[in-house]
Protein chains: 2
Amino acid sequence: MVRRGSRGKGAEKRERILRAAIKIFSHKGFFNSKISDIARSAGVADGTIYLYFKNKDDLLISLFEEKMAEVVADVRGRVAAGNGALSRLKIFIENHMSLLVREAGLIEVLQVELRQSNKFMKEYVPVKFLEYLDVITEILELGKREGTFRQDLNVRMARRAVFGALDEIALAYVLSRKRKYDPADAAAEIYRMFSEGLCTKAQNREGRT
Amino acid sequence: MVRRGSRGKGAEKRERILRAAIKIFSHKGFFNSKISDIARSAGVADGTIYLYFKNKDDLLISLFEEKMAEVVADVRGRVAAGNGALSRLKIFIENHMSLLVREAGLIEVLQVELRQSNKFMKEYVPVKFLEYLDVITEILELGKREGTFRQDLNVRMARRAVFGALDEIALAYVLSRKRKYDPADAAAEIYRMFSEGLCTKAQNREGRT
DNA sequence: TTTTGGTGAATGATGATTCATTCAAGAGGG
DNA sequence: CCCTCTTGAATGAATCATCATTCACCAAAA
């Protein structure tokens with residue numbers, strides 16, 4: 001018997017299906033993607049997908065949660081390396097933009113399907129996505145403690161604003177075939193917009209990195 | 001014979017269908033909405049919808065374009081009343097957040113379906129949405145001319161950042177049943193984040209409204 | 001031989017779209 | 001003023017294609 005845990009051949013096949021799902025969903029969107037497309041792309045039979053996932057919805061949600069978990073763990077590690085809130089914010093923004101290149105398909109799926117699922121799959125709470133937002137929250141709170149950021153900054157609002165700006169720019173990048181700008185430049189620009197907007201006046205008057 | 005131009009009973013019926021579509025799409029999402037749902041809600045027969053719209057996709061797109069055209073014309077008028085880029089930016093942000101209350105259904109549809117359509121309906125270019133972004137662009141360019149905003153501000157990027165921040169916060173508002181915050185407060189917060197981030201240092205050192 | 005993962009054709013539901021038919025209202029003739 | 005007649009809007013039941021999901025069966029491993 002082949003076990004289907006986190007180790008062994010089963011896990012490998014499951015992973016193949018997830019990768020294929022990312023590819024197909026990112027090309028056609030969830031509703032236009034057929035299970036048989038995904039199966040073909042993964043090199044398995046249609047029915048096999050149902051051995052690993054409850055149904056099509058479950059496939060999408062598993063994809064969100066598992067891949068986002070990796071992204072969150074990864075960015076947490078990177079951010080921790082920065083010292084000070086500004087440095088960490090910079091790392092976070094740069095990492096997000098570089099995901100566009102490293103994990104293009106995944107980001108495309110997240111961007112167009114997350115909202116849908118978020119809104120219409122009643123029982124689904126995007127836990128891992130919220131954790132991603134938490135990483136921003138932690139940076140902002142650190143900044144307030146440090147005195148780098150305004151004391152009256154509304155953290156809940158600011159983290160949405162930061163994520164929203166990143167996400168929208170990422171979306172523009174993904175949608176434009178022409179790839180009009182460089183993600184690294186975009187990161188620098190966004191960082192500047194927010195750091196100069198979030199810093200105390202004292203910080204603004206002095207020179208900053 | 002009843003004509004179906006922009007005047008007369010035909011237009012009224014068409015409008016009823018559009019309003020019903022907004023209601024149903026915003027509740028269930030495009031793919032989960034049945035034409036028969038919309039027909040019932042509009043008080044017409046299924047087939048009637050095909051007298052006014054080519055197909056389901058066309059219904060969604062017409063909805064985008066026509067309703068966004070109204071929103072764009074409206075915000076243009078309001079923004080023109082402000083003098084100076086900062087004042088205009090403030091008006092734009094406040095108007096966007098107040099749309100959440102005035103046009104809740106429409107905004108919900110735009111937020112979750114626009115990305116989808118944008119990405120997957122190959123021929124569709126969201127003209128009216130781009131015009132909405134142009135309103136921001138014009139404000140930013142005015143600010144640069146005036147000297148209120150940094151000369152090296154990347155307008156294309158900044159307008160996406162502004163829209164993205166607004167959109168994300170609007171989304172959080174729409175998704176949370178609990179209505180955790182007041183759109184007017186949110187507008188003030190966002191305005192502050194961007195104005196302090198976009199202004200030249202000279203502006204920052206002096207007092208501002 | 002038994003067990004289990006894997007298969008993919010068959011099933012059944014769903015829902016967009018069509019189209020034969022109905023209906024209402026104006027036109028014109030007597 | 002009344003009675004056809006014509007026209008096209010409106011209807012909604014029927015059609016038809018499309019998949020998600022199931023399940024009877026197969027092959028390899030134990």
# chains A, B, ... in the order shown; residues from 1 in each chain; ligands from 1
$ interface_residues --of "chain D" --to "chain A" --cutoff "8 Å" --atoms "only C-alpha atoms (C1' of nucleotides)" --output "PDB file with C-alpha atoms (C1' of nucleotides), in the first residue's frame"
ATOM      1  C1'  DC D  19     -18.850  19.304 -16.779  1.00  0.00           C
ATOM      2  C1'  DA D  20     -18.418  17.651 -11.788  1.00  0.00           C
ATOM      3  C1'  DA D  29       2.215  -4.616  -4.524  1.00  0.00           C
ATOM      4  C1'  DA D  30       2.135  -7.082  -0.208  1.00  0.00           C
TER       5       DA D  30
END
$ interface_residues --of "chain C" --to "chain B" --cutoff "10 Å" --atoms "only C-alpha atoms (C1' of nucleotides)" --output "list in words"
DG15, DA16, DT17, DT18, DC19, DA24, DA25 and DG26 of chain C
$ select_by_dssp --residues "range 58-209 of chain B" --states "alpha helix (DSSP H)" --output "PyMOL selection string"
chain B and resi 58-81+85-102+104-120+127-146+155-175+183-198+201-205
$ interface_residues --of "chain B" --to "chain A" --cutoff "8 Å" --atoms "only C-alpha atoms" --output "PDB file with C-alpha atoms, in the first residue's frame"
ATOM      1  CA  LYS B  28     -23.926  35.396  -5.624  1.00  0.00           C
ATOM      2  CA  GLY B  29     -21.159  36.353  -8.016  1.00  0.00           C
ATOM      3  CA  PHE B  31     -20.797  32.448 -12.199  1.00  0.00           C
ATOM      4  CA  VAL B 112     -14.992  40.891  -7.300  1.00  0.00           C
ATOM      5  CA  GLU B 113     -15.879  40.562 -10.949  1.00  0.00           C
ATOM      6  CA  ARG B 115     -10.563  41.339 -12.093  1.00  0.00           C
ATOM      7  CA  GLN B 116     -12.040  38.149 -13.441  1.00  0.00           C
ATOM      8  CA  LYS B 119      -8.221  38.837 -17.064  1.00  0.00           C
ATOM      9  CA  PHE B 120     -10.309  36.207 -18.739  1.00  0.00           C
ATOM     10  CA  ASN B 154       6.046  57.967 -10.685  1.00  0.00           C
ATOM     11  CA  MET B 157       2.691  53.685 -10.085  1.00  0.00           C
ATOM     12  CA  ALA B 158       1.249  56.117  -7.606  1.00  0.00           C
ATOM     13  CA  ARG B 160      -2.275  52.318  -8.863  1.00  0.00           C
ATOM     14  CA  ALA B 161      -1.111  52.538  -5.274  1.00  0.00           C
ATOM     15  CA  VAL B 162      -3.818  55.028  -4.393  1.00  0.00           C
ATOM     16  CA  PHE B 163      -6.511  53.043  -6.123  1.00  0.00           C
ATOM     17  CA  GLY B 164      -5.231  49.779  -4.661  1.00  0.00           C
ATOM     18  CA  ALA B 165      -5.268  51.101  -1.121  1.00  0.00           C
ATOM     19  CA  LEU B 166      -8.784  52.452  -1.531  1.00  0.00           C
ATOM     20  CA  ASP B 167     -10.017  49.304  -3.160  1.00  0.00           C
ATOM     21  CA  GLU B 168      -8.578  46.982  -0.562  1.00  0.00           C
ATOM     22  CA  ILE B 169     -10.047  48.956   2.295  1.00  0.00           C
ATOM     23  CA  LEU B 175     -16.654  41.635   3.295  1.00  0.00           C
ATOM     24  CA  ALA B 186     -11.198  55.429   6.605  1.00  0.00           C
ATOM     25  CA  GLU B 189      -6.840  57.913   7.320  1.00  0.00           C
ATOM     26  CA  ILE B 190      -5.996  57.056   3.739  1.00  0.00           C
ATOM     27  CA  ARG B 192      -3.333  61.284   5.521  1.00  0.00           C
ATOM     28  CA  MET B 193      -1.206  58.291   4.573  1.00  0.00           C
ATOM     29  CA  PHE B 194      -0.907  59.444   1.014  1.00  0.00           C
ATOM     30  CA  SER B 195      -0.691  63.188   1.440  1.00  0.00           C
ATOM     31  CA  GLU B 196       2.128  62.918   3.899  1.00  0.00           C
ATOM     32  CA  GLY B 197       3.737  60.393   1.641  1.00  0.00           C
ATOM     33  CA  LEU B 198       3.321  62.228  -1.599  1.00  0.00           C
ATOM     34  CA  LYS B 201       9.578  67.904   2.056  1.00  0.00           C
ATOM     35  CA  ASN B 204       5.890  68.593   4.935  1.00  0.00           C
ATOM     36  CA  ARG B 205       7.884  71.126   6.949  1.00  0.00           C
TER      37      ARG B 205
END
$ residues_around --residues "DA27 in chain C" --least-positions-apart "2" --cutoff "12 Å" --atoms "only C-alpha atoms (C1' of nucleotides)" --output "list in words"
Met1 of chain B; DA25 and DG29 of chain C; DT4, DC5, DT6 and DT7 of chain D
$ residues_around --residues "range 60-63 of chain A" --least-positions-apart "4" --cutoff "10 Å" --atoms "only C-alpha atoms (C1' of nucleotides)" --output "list in words"
Glu15, Ile17, Leu18, Arg19, Ala21, Ile22, Phe25, Phe30, Phe53, Lys54, Asn55, Lys56, Lys67, Met68, Ala69, Leu106, Val109, Leu110, Glu113, Leu114, Ser117, Met121, Tyr124, Val125 and Pro126 of chain A
